Structure formats: C-alpha cells, structure tokens
Amino acid sequence: MDKKHTTTSGIAIKDVYTTAPKNEELPGQFPFTRGIQKDMYRGRLWTMRQYAGFSTAEESNKRYHYLLAQGTMGLSVAFDLPTQIGYDSDDDMAEGEVGKVGVAIDSLKDIEILFDGITLQQITTSMTINATASILLAMYIALAKKQGADLKQISGTIQNDILKEYAARGTYIYPPKASMRIITDIFEYCSKELPKWNTISISGYHIREAGSTAVQELAFTLANGKAYLNAALQKGLDINVFAKRLSFFFNCHNNFFEEIAKFRAARRMWAHITKNLGATDEKAMMLRFHTQTGGSTLTAQQPLNNVIRVSNQALAAVLGGTQSLHTNGYDEALSLPTEAAAKIALRTQQVIAFESGVTDTVDPLAGSYFIETLTDEIEAAAKTYIDKIDVMGGSVNAIENGYIQQEIANASYEYQKEVENGERIIVGVNKFTQKEERFDEVFNIDESIRTIQIEKLKKLKAERNNEAVAKALLDLKNAAAGNENLMPFILLAVEEYATLGEIANCLREVFGEY
C-alpha cells in the first residue's frame, strides 16, 4: 500500500510541484537539476553513512557494529595516514600516526578483522582512500571472495580521486600521469568484474576544506571529473558504461541557500558535460553524490553549537537532493568523534528523514525566485572557471602549473581576513563569546597501537608463503613497467598476504614519487 503523504493537518502533498507549462523541467529527466529520481526520497531515502575508523581493525569493527545497531545504512571507512600514503605501520615514516585519523590497515588480515561479522554483499561500503585505493579495493574484493559473495552484486565506493590530492589534500604518492593510469585501470577492471562498484568519488569536499568558495568547489570538482572522463575515453572505455559508476562527494557549509543551489547547479552542469563528451544513456549523465557536513565550520569554542551547524548543513544537503549523507560529530574540532557525538550526528539525519516533512515532495524549493536565480548564477560562475581550465589543457595541467592551488589559497586568505576583522561572524568565536566551558569527553588514540600493528606484521610475515609473495610482487612490478591492467596483479599479491607497504613500494620503484 502506498504511504500517504500529508501535512500534520491532513493536507495531501503531491510528489512534485511545477508551474505547470508542458516544458517544465521535471526530476528524473535531463538535465536533472531537480534530482536524479522522479520520486526522490518518496521512493527511497538517502543512505545514512557515518564515516568511522580509528586505532586497530578490532576497535573500528566494534564502532561499525555499534553504528549498524543505531540504524546507519552503509559503512564509510576512514584510514590512518600511513595507510593513505602507502606505508606499513612498522615503517619509520609511520611513527606517531598509526591509527590516529583512521584505522591502520597493513594487509588483508586487517581487512578480515575490520569486517568481521559483517556480510559485504548485504551492505554498501565507502572507502575514503586515494593513492592506495587499488590496494584497499583489492583487499575488499579478496574478502568478498572468501565470504563467497557474488562480485557482480558487491556495491560501494572508493574515493580514488587523486587530482584533488595534488590540489588540496596531499595524500598522493606517484606522479599525476602514473596515478591516472592506476585510476583508469580500476575503471576498466571494475566495469567487467564489479559492475555495481562506484570506481571513483570525485571529491569537492577537501577542496572546500582547504578554503575554496562554493563556486570553486563546484568548478574544480567538475573540471577534475572531466579529466577522468577524458582519461577513460583515451583508454577506449565506453562513456555510457563507465560514467554510470562515477559518483561525487561534496561539502555542505553554512550558507543554506547557496549550498542547495550549488547541488542543483552541479547536476545540470554534469549532465551537459557528459552529453558533450558523447554520453547518450541518461544514467551516464546523472550526477550522483555523497555529502559530508563541513568539518572546517566546526568550532572548538562552544562545541555544542556544532549540533546546530550540522543540522543546518544536513538539511541543505537533503533539500539539494543528496544520495548519501555523513553528519559530523559536534566534538570533531577537538578529537575524533566520541560514541555520543556519533549517535547525535546520526539522529540528526533520522529526525530530518522522519520528522521534518522535507522528504514528502521532490525538490521543495524549486520555483523560488531566489533559489532558481542563485542556481543559474552559481552555474555561470563555475562555468567561467571550467572554461579557463579547459584553455590550460584540463585539470592535470592546471594543477601541475599551480593554478587551482593558488585560487584556493587566495579564497582561504580572504575568508580568514573577514573572520579576523569581524566582517564574517562565527558564533562563539568572534561574537557571543564566553569564558571557555570545560569539555571533558574527548577521544584519544593511544600510541601503543603502533606496537600492536608491528607485532601483527611480524606474525603475518612468519606465517605467510614468502616465496609466493615475492613472485606476486615481481609480477606486479613487471606489469607496472609495461602497460597491462594492474588490478589482477594487485589482487594476487593481496591474496598472498603481501602488505600494503610492499605493494606501494613495488609501484614506487617503477613510477617514482611525486
């Protein structure tokens, strides 16, 4: 039986409202400004996906079971810095960082522990991993195979967006062209072996966190998306196949209407970009995206104010038509989120979904003079940037010559000046301040984590077949020196329990470091 959609007073709510002329733009139709599904959240809510990972695989596994029990609908894995930049926990470069900003993963053994008691075919998993995305994906595939899963049914996302690492975030390993090869190898491999897997999540999130404006976040993200499309086309891949597996990852900051208009403009712009590059299948023209509320908007002063900021941002993301959402913990300016903060963050999404009424109709703000004009203006401003980047030869060139980094740095500087001179008000920071209240509950990661991981690595290397590992690594190195697809070789190495650092070092020997 269809759910009845009414207001609290019993007034019936239609699935979509228009100004009624026949050429009115509708949700689920090109260019998708109003959403990619014709019924949007009436048909299915966004995925409530809480980002988590810290310490060891054992500790993170406990948090995943806790979040699943609280009603989260998908997992999102945070990896520590050594894992992100291809170092094992026993490497000198890993000292002081093991398990700190995410979970430490050294081998397939850690992935087996991380997902213990979780059936991969029954959930979707997002992994925020870029330079070593191929290795972590291979580990996930290896575990799915061990669980007896049908790989054609496995779904999830790897971020795998290296271009924004050079521009904004910094966890790259290899030079840009070698990195682009690995990424397109993943596109090609997954199009055959894991057809439901999102092979890249083109990320504006970190561009925004680095200090960009909303328009720059949109422009640079779509310009990077265009670069990935062109790289895949040069490899001979079919845009109607691989473009369906691209997803995006946007930030949502405090300016409520600007954020909603940004998401609407993003869908419209991407539809035209893909169409112009030859896409004919509508699903290949749809911009699907995950949103995370703005980490850099959270304040250490009066941290409970962050509950309000996150609620405002989450509501904007939903009104903007997101497919998936992570809400930040109120204490994240102080530490990784405590369980209490993670629960309130998830409850924020659940209250919006089930109590606010904003899910009852599609794109409820459409037709607002302000929203429609703002959508057009953001699109025009972002297009000016993209045209400039196209003239430079695309994103890779624009990053290599420092253009994108400089634009972000300039915007960040302007923002900070406005905060410091009081032009831009941050409640509790430069206005309505108070003598600091004590905030006792912060989440600390113990230094002993590294010792635990080093012991695990010693045991692993004593028990595995080291001859098979050496052969798998040599085969991978030879493949990297040629032009074969690297994914099958990485998967074989992972299945022999080669470590993440061993695989990354093997590729470093061929590609060098950037």
# chains A, B, ... in the order shown; residues from 1 in each chain; ligands from 1

call {"tool": "residues_around", "arguments": {"residues": "Asn255 of chain A", "least_positions_apart": "3", "cutoff": "12 Å", "atoms": "only C-alpha atoms", "output": "ChimeraX atom specification"}}
result
/A:213-214,251-252,258-262,293-294,297,309-310,312-317,424

call {"tool": "residues_around", "arguments": {"residues": "Ser247 of chain A", "least_positions_apart": "2", "cutoff": "12 Å", "atoms": "only C-alpha atoms", "output": "NGL selection string"}}
result
:A and (126 or 156-161 or 196-204 or 221-222 or 225 or 228 or 242-245 or 249-250 or 266-267 or 270 or 283-291 or 322-324)

call {"tool": "residues_around", "arguments": {"residues": "segment 110-114 of chain A", "least_positions_apart": "4", "cutoff": "6 Å", "atoms": "only C-alpha atoms", "output": "ChimeraX atom specification"}}
result
/A:57,61,105

call {"tool": "residues_around", "arguments": {"residues": "segment 179-181 of chain A", "least_positions_apart": "4", "cutoff": "9 Å", "atoms": "only C-alpha atoms", "output": "PyMOL selection string"}}
result
chain A and resi 131+162-163+172-175+185-186+228+231+485+511

call {"tool": "atom_distance", "arguments": {"atom1": "atom CA of Lys62 of chain A", "atom2": "atom CA of Thr125 of chain A"}}
result
15.8 Å

call {"tool": "closest_residue", "arguments": {"among": "A:Pro337, A:Gly10, A:Gly482, A:Pro195", "to": "Lys152 of chain A", "atoms": "only C-alpha atoms"}}
result
A:Pro195

call {"tool": "select_by_dssp", "arguments": {"residues": "segment 162-394 of chain A", "states": "alpha helix (DSSP H)", "output": "compact mmCIF listing (two decimals) with N, CA and C atoms, in the first residue's frame"}}
result
# COMPACT_ATOMS: atom_id res chain seq x y z
N LEU A 163 43.42 13.68 -8.25
CA LEU A 163 43.68 15.06 -8.69
C LEU A 163 43.49 16.05 -7.56
N LYS A 164 42.43 15.86 -6.75
CA LYS A 164 42.23 16.82 -5.65
C LYS A 164 43.28 16.65 -4.55
N PRO A 176 51.36 12.53 -11.30
CA PRO A 176 49.97 12.56 -11.80
C PRO A 176 49.67 11.57 -12.93
N LYS A 177 50.56 11.44 -13.90
CA LYS A 177 50.23 10.58 -15.05
C LYS A 177 50.19 9.09 -14.66
N ALA A 178 51.12 8.67 -13.79
CA ALA A 178 51.11 7.28 -13.30
C ALA A 178 49.85 7.03 -12.46
N SER A 179 49.49 8.03 -11.66
CA SER A 179 48.28 7.91 -10.83
C SER A 179 47.03 7.76 -11.71
N MET A 180 46.99 8.55 -12.79
CA MET A 180 45.83 8.47 -13.70
C MET A 180 45.76 7.10 -14.37
N ARG A 181 46.92 6.49 -14.62
CA ARG A 181 46.90 5.14 -15.21
C ARG A 181 46.26 4.14 -14.23
N ILE A 182 46.67 4.21 -12.96
CA ILE A 182 46.11 3.27 -11.97
C ILE A 182 44.60 3.46 -11.89
N ILE A 183 44.16 4.71 -11.88
CA ILE A 183 42.72 5.01 -11.77
C ILE A 183 41.95 4.44 -12.96
N THR A 184 42.48 4.63 -14.16
CA THR A 184 41.74 4.12 -15.33
C THR A 184 41.81 2.59 -15.39
N ASP A 185 42.89 1.99 -14.84
CA ASP A 185 42.92 0.52 -14.72
C ASP A 185 41.78 0.03 -13.82
N ILE A 186 41.53 0.78 -12.73
CA ILE A 186 40.43 0.41 -11.83
C ILE A 186 39.09 0.54 -12.57
N PHE A 187 38.90 1.64 -13.32
CA PHE A 187 37.66 1.81 -14.11
C PHE A 187 37.43 0.57 -14.98
N GLU A 188 38.48 0.20 -15.71
CA GLU A 188 38.37 -0.89 -16.70
C GLU A 188 38.08 -2.22 -16.00
N TYR A 189 38.83 -2.50 -14.94
CA TYR A 189 38.68 -3.77 -14.22
C TYR A 189 37.28 -3.91 -13.63
N CYS A 190 36.82 -2.85 -12.95
CA CYS A 190 35.52 -2.92 -12.27
C CYS A 190 34.36 -2.97 -13.26
N SER A 191 34.52 -2.35 -14.44
CA SER A 191 33.42 -2.37 -15.41
C SER A 191 33.11 -3.82 -15.81
N LYS A 192 34.13 -4.70 -15.72
CA LYS A 192 33.92 -6.11 -16.06
C LYS A 192 33.63 -6.98 -14.83
N GLU A 193 34.38 -6.73 -13.75
CA GLU A 193 34.33 -7.64 -12.60
C GLU A 193 33.38 -7.21 -11.48
N TYR A 205 34.93 17.91 -1.52
CA TYR A 205 34.92 18.10 -0.07
C TYR A 205 36.23 18.72 0.41
N HIS A 206 37.34 18.14 -0.02
CA HIS A 206 38.64 18.58 0.51
C HIS A 206 39.07 19.90 -0.11
N ILE A 207 38.58 20.16 -1.32
CA ILE A 207 38.84 21.46 -1.96
C ILE A 207 38.21 22.56 -1.11
N ARG A 208 36.99 22.29 -0.64
CA ARG A 208 36.28 23.26 0.21
C ARG A 208 36.96 23.38 1.58
N GLU A 209 37.35 22.23 2.14
CA GLU A 209 38.02 22.26 3.45
C GLU A 209 39.34 23.02 3.39
N ALA A 214 32.22 28.10 -2.49
CA ALA A 214 31.28 27.10 -3.01
C ALA A 214 31.41 26.97 -4.53
N VAL A 215 31.56 28.11 -5.21
CA VAL A 215 31.68 28.10 -6.68
C VAL A 215 32.96 27.39 -7.10
N GLN A 216 34.08 27.66 -6.40
CA GLN A 216 35.34 26.99 -6.72
C GLN A 216 35.24 25.49 -6.47
N GLU A 217 34.60 25.11 -5.36
CA GLU A 217 34.42 23.68 -5.06
C GLU A 217 33.71 23.00 -6.23
N LEU A 218 32.64 23.61 -6.70
CA LEU A 218 31.87 23.05 -7.81
C LEU A 218 32.70 23.01 -9.09
N ALA A 219 33.34 24.12 -9.42
CA ALA A 219 34.08 24.23 -10.69
C ALA A 219 35.26 23.26 -10.73
N PHE A 220 36.07 23.23 -9.67
CA PHE A 220 37.28 22.40 -9.70
C PHE A 220 36.91 20.92 -9.64
N THR A 221 35.83 20.59 -8.93
CA THR A 221 35.40 19.19 -8.86
C THR A 221 34.93 18.71 -10.23
N LEU A 222 34.10 19.50 -10.90
CA LEU A 222 33.61 19.08 -12.21
C LEU A 222 34.73 19.09 -13.25
N ALA A 223 35.67 20.02 -13.13
CA ALA A 223 36.83 20.03 -14.05
C ALA A 223 37.65 18.75 -13.85
N ASN A 224 37.84 18.33 -12.60
CA ASN A 224 38.53 17.06 -12.34
C ASN A 224 37.74 15.89 -12.92
N GLY A 225 36.41 15.94 -12.75
CA GLY A 225 35.55 14.90 -13.31
C GLY A 225 35.73 14.79 -14.82
N LYS A 226 35.81 15.94 -15.46
CA LYS A 226 36.02 15.98 -16.91
C LYS A 226 37.36 15.33 -17.29
N ALA A 227 38.39 15.58 -16.47
CA ALA A 227 39.72 14.99 -16.73
C ALA A 227 39.65 13.47 -16.64
N TYR A 228 38.90 12.94 -15.66
CA TYR A 228 38.76 11.48 -15.55
C TYR A 228 37.99 10.91 -16.74
N LEU A 229 36.94 11.61 -17.17
CA LEU A 229 36.19 11.16 -18.34
C LEU A 229 37.11 11.08 -19.56
N ASN A 230 37.90 12.12 -19.76
CA ASN A 230 38.79 12.15 -20.93
C ASN A 230 39.85 11.06 -20.86
N ALA A 231 40.38 10.81 -19.65
CA ALA A 231 41.40 9.75 -19.48
C ALA A 231 40.80 8.38 -19.81
N ALA A 232 39.57 8.15 -19.36
CA ALA A 232 38.91 6.86 -19.63
C ALA A 232 38.59 6.71 -21.12
N LEU A 233 38.17 7.82 -21.74
CA LEU A 233 37.88 7.78 -23.19
C LEU A 233 39.16 7.47 -23.98
N GLN A 234 40.28 8.06 -23.55
CA GLN A 234 41.56 7.79 -24.24
C GLN A 234 41.96 6.33 -24.10
N ILE A 239 31.87 5.54 -22.54
CA ILE A 239 31.35 6.53 -21.57
C ILE A 239 29.99 6.11 -21.02
N ASN A 240 29.18 5.43 -21.83
CA ASN A 240 27.86 5.01 -21.35
C ASN A 240 27.94 3.91 -20.29
N VAL A 241 29.10 3.24 -20.22
CA VAL A 241 29.30 2.21 -19.19
C VAL A 241 30.00 2.82 -17.97
N PHE A 242 31.19 3.42 -18.19
CA PHE A 242 31.97 3.82 -17.01
C PHE A 242 31.42 5.06 -16.32
N PHE A 256 22.97 28.37 3.76
CA PHE A 256 21.91 27.41 3.46
C PHE A 256 21.49 27.41 1.98
N PHE A 257 21.10 28.56 1.47
CA PHE A 257 20.57 28.61 0.11
C PHE A 257 21.66 28.42 -0.94
N GLU A 258 22.85 28.96 -0.66
CA GLU A 258 23.95 28.78 -1.62
C GLU A 258 24.27 27.30 -1.80
N GLU A 259 24.27 26.56 -0.70
CA GLU A 259 24.60 25.13 -0.79
C GLU A 259 23.55 24.38 -1.61
N ILE A 260 22.28 24.66 -1.37
CA ILE A 260 21.20 23.98 -2.12
C ILE A 260 21.33 24.29 -3.61
N ALA A 261 21.57 25.56 -3.94
CA ALA A 261 21.71 25.97 -5.34
C ALA A 261 22.94 25.32 -5.97
N LYS A 262 24.01 25.15 -5.19
CA LYS A 262 25.23 24.51 -5.69
C LYS A 262 24.96 23.08 -6.14
N PHE A 263 24.20 22.34 -5.33
CA PHE A 263 23.91 20.95 -5.69
C PHE A 263 23.02 20.86 -6.94
N ARG A 264 22.06 21.76 -7.05
CA ARG A 264 21.17 21.77 -8.22
C ARG A 264 21.98 22.11 -9.48
N ALA A 265 22.86 23.12 -9.36
CA ALA A 265 23.70 23.52 -10.50
C ALA A 265 24.64 22.38 -10.90
N ALA A 266 25.17 21.66 -9.91
CA ALA A 266 26.12 20.57 -10.19
C ALA A 266 25.50 19.52 -11.09
N ARG A 267 24.26 19.13 -10.77
CA ARG A 267 23.59 18.10 -11.59
C ARG A 267 23.41 18.57 -13.03
N ARG A 268 22.97 19.80 -13.16
CA ARG A 268 22.70 20.35 -14.51
C ARG A 268 24.00 20.43 -15.32
N MET A 269 25.05 20.94 -14.69
CA MET A 269 26.32 21.11 -15.39
C MET A 269 26.91 19.76 -15.82
N TRP A 270 26.87 18.77 -14.91
CA TRP A 270 27.45 17.46 -15.23
C TRP A 270 26.67 16.79 -16.37
N ALA A 271 25.37 16.95 -16.38
CA ALA A 271 24.55 16.37 -17.46
C ALA A 271 25.03 16.90 -18.81
N HIS A 272 25.29 18.20 -18.88
CA HIS A 272 25.75 18.80 -20.14
C HIS A 272 27.18 18.38 -20.47
N ILE A 273 28.06 18.28 -19.46
CA ILE A 273 29.45 17.87 -19.69
C ILE A 273 29.50 16.46 -20.27
N THR A 274 28.77 15.53 -19.66
CA THR A 274 28.80 14.13 -20.14
C THR A 274 28.17 14.02 -21.53
N LYS A 275 27.10 14.75 -21.74
CA LYS A 275 26.44 14.71 -23.05
C LYS A 275 27.39 15.22 -24.13
N ASN A 276 28.09 16.31 -23.84
CA ASN A 276 29.02 16.89 -24.81
C ASN A 276 30.19 15.97 -25.11
N ASN A 305 27.41 24.19 19.91
CA ASN A 305 26.86 24.97 18.78
C ASN A 305 26.98 24.20 17.46
N ASN A 306 27.93 23.27 17.41
CA ASN A 306 28.14 22.50 16.18
C ASN A 306 26.96 21.59 15.86
N VAL A 307 26.18 21.21 16.87
CA VAL A 307 24.97 20.40 16.61
C VAL A 307 24.04 21.19 15.69
N ILE A 308 23.92 22.50 15.95
CA ILE A 308 23.04 23.36 15.15
C ILE A 308 23.61 23.53 13.74
N ARG A 309 24.93 23.77 13.67
CA ARG A 309 25.56 23.92 12.34
C ARG A 309 25.35 22.67 11.49
N VAL A 310 25.59 21.51 12.09
CA VAL A 310 25.48 20.25 11.35
C VAL A 310 24.03 20.01 10.90
N SER A 311 23.07 20.35 11.76
CA SER A 311 21.65 20.18 11.39
C SER A 311 21.30 21.05 10.18
N ASN A 312 21.75 22.30 10.21
CA ASN A 312 21.51 23.25 9.13
C ASN A 312 22.12 22.73 7.82
N GLN A 313 23.36 22.23 7.90
CA GLN A 313 24.06 21.74 6.72
C GLN A 313 23.41 20.46 6.19
N ALA A 314 23.03 19.58 7.09
CA ALA A 314 22.40 18.32 6.67
C ALA A 314 21.07 18.59 5.97
N LEU A 315 20.31 19.54 6.49
CA LEU A 315 19.03 19.88 5.87
C LEU A 315 19.24 20.45 4.46
N ALA A 316 20.27 21.29 4.31
CA ALA A 316 20.58 21.84 2.98
C ALA A 316 20.96 20.73 2.00
N ALA A 317 21.73 19.74 2.47
CA ALA A 317 22.13 18.63 1.60
C ALA A 317 20.91 17.83 1.14
N VAL A 318 19.97 17.62 2.04
CA VAL A 318 18.76 16.86 1.69
C VAL A 318 17.90 17.68 0.73
N LEU A 319 17.73 18.97 1.00
CA LEU A 319 16.95 19.82 0.09
C LEU A 319 17.65 19.96 -1.27
N GLU A 339 31.46 8.22 20.89
CA GLU A 339 30.23 7.48 20.54
C GLU A 339 29.00 8.37 20.69
N ALA A 340 28.98 9.19 21.74
CA ALA A 340 27.81 10.06 21.99
C ALA A 340 27.63 11.04 20.83
N ALA A 341 28.74 11.62 20.37
CA ALA A 341 28.66 12.59 19.27
C ALA A 341 28.26 11.91 17.96
N ALA A 342 28.80 10.70 17.74
CA ALA A 342 28.45 9.95 16.51
C ALA A 342 26.95 9.62 16.51
N LYS A 343 26.41 9.31 17.69
CA LYS A 343 24.98 8.96 17.75
C LYS A 343 24.11 10.18 17.47
N ILE A 344 24.44 11.34 18.07
CA ILE A 344 23.66 12.57 17.82
C ILE A 344 23.72 12.94 16.34
N ALA A 345 24.90 12.74 15.73
CA ALA A 345 25.07 13.06 14.31
C ALA A 345 24.14 12.21 13.45
N LEU A 346 24.06 10.92 13.77
CA LEU A 346 23.16 10.02 13.03
C LEU A 346 21.70 10.37 13.32
N ARG A 347 21.37 10.65 14.58
CA ARG A 347 19.98 11.01 14.93
C ARG A 347 19.54 12.29 14.19
N THR A 348 20.49 13.20 13.92
CA THR A 348 20.17 14.42 13.16
C THR A 348 19.58 14.05 11.81
N GLN A 349 20.22 13.10 11.14
CA GLN A 349 19.71 12.65 9.83
C GLN A 349 18.35 11.98 9.98
N GLN A 350 18.21 11.16 11.02
CA GLN A 350 16.96 10.42 11.19
C GLN A 350 15.79 11.36 11.50
N VAL A 351 16.04 12.43 12.28
CA VAL A 351 14.99 13.41 12.57
C VAL A 351 14.58 14.14 11.28
N ILE A 352 15.58 14.53 10.45
CA ILE A 352 15.25 15.18 9.18
C ILE A 352 14.43 14.23 8.31
N ALA A 353 14.84 12.96 8.26
CA ALA A 353 14.17 11.99 7.38
C ALA A 353 12.74 11.70 7.80
N PHE A 354 12.53 11.54 9.10
CA PHE A 354 11.24 11.00 9.55
C PHE A 354 10.33 12.03 10.23
N GLU A 355 10.85 13.22 10.57
CA GLU A 355 10.02 14.17 11.31
C GLU A 355 9.82 15.51 10.62
N TYR A 369 12.09 32.20 -6.49
CA TYR A 369 12.84 33.16 -7.31
C TYR A 369 14.31 33.16 -6.92
N PHE A 370 14.55 33.14 -5.61
CA PHE A 370 15.91 33.22 -5.10
C PHE A 370 16.72 31.98 -5.49
N ILE A 371 16.16 30.78 -5.20
CA ILE A 371 16.87 29.53 -5.48
C ILE A 371 17.16 29.37 -6.97
N GLU A 372 16.17 29.66 -7.80
CA GLU A 372 16.38 29.47 -9.24
C GLU A 372 17.44 30.44 -9.78
N THR A 373 17.39 31.68 -9.33
CA THR A 373 18.38 32.67 -9.78
C THR A 373 19.77 32.29 -9.28
N LEU A 374 19.85 31.89 -8.01
CA LEU A 374 21.13 31.50 -7.42
C LEU A 374 21.72 30.28 -8.14
N THR A 375 20.88 29.32 -8.48
CA THR A 375 21.34 28.13 -9.23
C THR A 375 21.98 28.57 -10.54
N ASP A 376 21.30 29.47 -11.27
CA ASP A 376 21.82 29.96 -12.55
C ASP A 376 23.14 30.72 -12.36
N GLU A 377 23.19 31.55 -11.31
CA GLU A 377 24.39 32.38 -11.10
C GLU A 377 25.60 31.53 -10.68
N ILE A 378 25.37 30.52 -9.84
CA ILE A 378 26.46 29.63 -9.44
C ILE A 378 26.96 28.85 -10.66
N GLU A 379 26.02 28.38 -11.47
CA GLU A 379 26.41 27.65 -12.69
C GLU A 379 27.28 28.54 -13.60
N ALA A 380 26.87 29.76 -13.80
CA ALA A 380 27.61 30.67 -14.70
C ALA A 380 29.01 30.95 -14.15
N ALA A 381 29.11 31.18 -12.84
CA ALA A 381 30.41 31.48 -12.24
C ALA A 381 31.34 30.26 -12.30
N ALA A 382 30.78 29.07 -12.05
CA ALA A 382 31.59 27.83 -12.11
C ALA A 382 32.03 27.55 -13.54
N LYS A 383 31.14 27.83 -14.50
CA LYS A 383 31.47 27.57 -15.91
C LYS A 383 32.63 28.45 -16.36
N THR A 384 32.70 29.68 -15.87
CA THR A 384 33.82 30.58 -16.20
C THR A 384 35.15 29.94 -15.79
N TYR A 385 35.19 29.36 -14.59
CA TYR A 385 36.39 28.67 -14.12
C TYR A 385 36.72 27.47 -15.02
N ILE A 386 35.71 26.65 -15.32
CA ILE A 386 35.95 25.43 -16.12
C ILE A 386 36.47 25.80 -17.51
N ASP A 387 35.90 26.85 -18.10
CA ASP A 387 36.37 27.30 -19.43
C ASP A 387 37.85 27.69 -19.37
N LYS A 388 38.23 28.37 -18.28
CA LYS A 388 39.63 28.80 -18.10
C LYS A 388 40.54 27.57 -17.98
N ILE A 389 40.09 26.57 -17.23
CA ILE A 389 40.88 25.33 -17.04
C ILE A 389 40.99 24.56 -18.36
N ASP A 390 39.90 24.55 -19.14
CA ASP A 390 39.92 23.90 -20.46
C ASP A 390 40.98 24.52 -21.37
N VAL A 391 41.08 25.84 -21.31
CA VAL A 391 42.08 26.55 -22.14
C VAL A 391 43.50 26.13 -21.74

call {"tool": "residues_around", "arguments": {"residues": "Leu136 of chain A", "least_positions_apart": "5", "cutoff": "12 Å", "atoms": "only C-alpha atoms", "output": "ChimeraX atom specification"}}
result
/A:77-79,83-86,104-112,125-131,141-143,157-160,186,487,490-491,493-495,499-501,503-504

call {"tool": "closest_residue", "arguments": {"among": "A:Gly170, A:Gly512, A:Gly102, A:Gly96", "to": "Asp80 of chain A", "atoms": "only C-alpha atoms"}}
result
A:Gly102

call {"tool": "closest_residue", "arguments": {"among": "A:Asp446, A:Leu298, A:Glu58, A:Gly394", "to": "Asn328 of chain A", "atoms": "only C-alpha atoms"}}
result
A:Leu298

call {"tool": "closest_residue", "arguments": {"among": "A:Ala468, A:Gln405, A:Lys146, A:Glu502", "to": "Asp90 of chain A", "atoms": "only C-alpha atoms"}}
result
A:Glu502

call {"tool": "decode", "arguments": {"residues": "segment 230-238 of chain A", "atoms": "all heavy atoms", "output": "short mmCIF file (atom, residue, chain, number, x, y, z; two decimals), in the first residue's frame"}}
result
data_model
loop_
_atom_site.label_atom_id
_atom_site.label_comp_id
_atom_site.auth_asym_id
_atom_site.auth_seq_id
_atom_site.Cartn_x
_atom_site.Cartn_y
_atom_site.Cartn_z
N ASN A 230 37.90 12.12 -19.76
CA ASN A 230 38.79 12.15 -20.93
C ASN A 230 39.85 11.06 -20.86
O ASN A 230 40.17 10.43 -21.87
CB ASN A 230 39.44 13.53 -21.07
CG ASN A 230 38.48 14.54 -21.69
OD1 ASN A 230 37.76 14.23 -22.64
ND2 ASN A 230 38.43 15.75 -21.15
N ALA A 231 40.38 10.81 -19.65
CA ALA A 231 41.40 9.75 -19.48
C ALA A 231 40.80 8.38 -19.81
O ALA A 231 41.44 7.55 -20.46
CB ALA A 231 41.94 9.76 -18.06
N ALA A 232 39.57 8.15 -19.36
CA ALA A 232 38.91 6.86 -19.63
C ALA A 232 38.59 6.71 -21.12
O ALA A 232 38.73 5.63 -21.69
CB ALA A 232 37.64 6.74 -18.79
N LEU A 233 38.17 7.82 -21.74
CA LEU A 233 37.88 7.78 -23.19
C LEU A 233 39.16 7.47 -23.98
O LEU A 233 39.12 6.70 -24.95
CB LEU A 233 37.28 9.12 -23.65
CG LEU A 233 35.83 9.39 -23.20
CD1 LEU A 233 35.45 10.85 -23.45
CD2 LEU A 233 34.84 8.46 -23.92
N GLN A 234 40.28 8.06 -23.55
CA GLN A 234 41.56 7.79 -24.24
C GLN A 234 41.96 6.33 -24.10
O GLN A 234 42.65 5.78 -24.96
CB GLN A 234 42.66 8.69 -23.67
CG GLN A 234 42.64 10.10 -24.25
CD GLN A 234 43.47 11.09 -23.44
OE1 GLN A 234 44.31 10.69 -22.63
NE2 GLN A 234 43.22 12.36 -23.64
N LYS A 235 41.53 5.69 -23.01
CA LYS A 235 41.83 4.26 -22.81
C LYS A 235 40.89 3.38 -23.63
O LYS A 235 41.01 2.16 -23.64
CB LYS A 235 41.70 3.94 -21.31
CG LYS A 235 42.47 2.70 -20.88
CD LYS A 235 42.36 2.51 -19.38
CE LYS A 235 42.96 1.18 -18.93
NZ LYS A 235 44.42 1.22 -18.89
N GLY A 236 39.92 4.01 -24.29
CA GLY A 236 39.00 3.25 -25.14
C GLY A 236 37.76 2.74 -24.41
O GLY A 236 37.05 1.88 -24.91
N LEU A 237 37.51 3.25 -23.20
CA LEU A 237 36.33 2.79 -22.44
C LEU A 237 35.08 3.50 -22.95
O LEU A 237 35.13 4.62 -23.45
CB LEU A 237 36.52 3.05 -20.94
CG LEU A 237 37.76 2.40 -20.29
CD1 LEU A 237 37.77 2.70 -18.79
CD2 LEU A 237 37.76 0.89 -20.50
N ASP A 238 33.93 2.84 -22.77
CA ASP A 238 32.64 3.36 -23.25
C ASP A 238 32.06 4.29 -22.18
O ASP A 238 31.77 3.86 -21.06
CB ASP A 238 31.70 2.17 -23.51
CG ASP A 238 30.33 2.59 -24.03
OD1 ASP A 238 30.02 3.81 -24.03
OD2 ASP A 238 29.54 1.69 -24.42
#
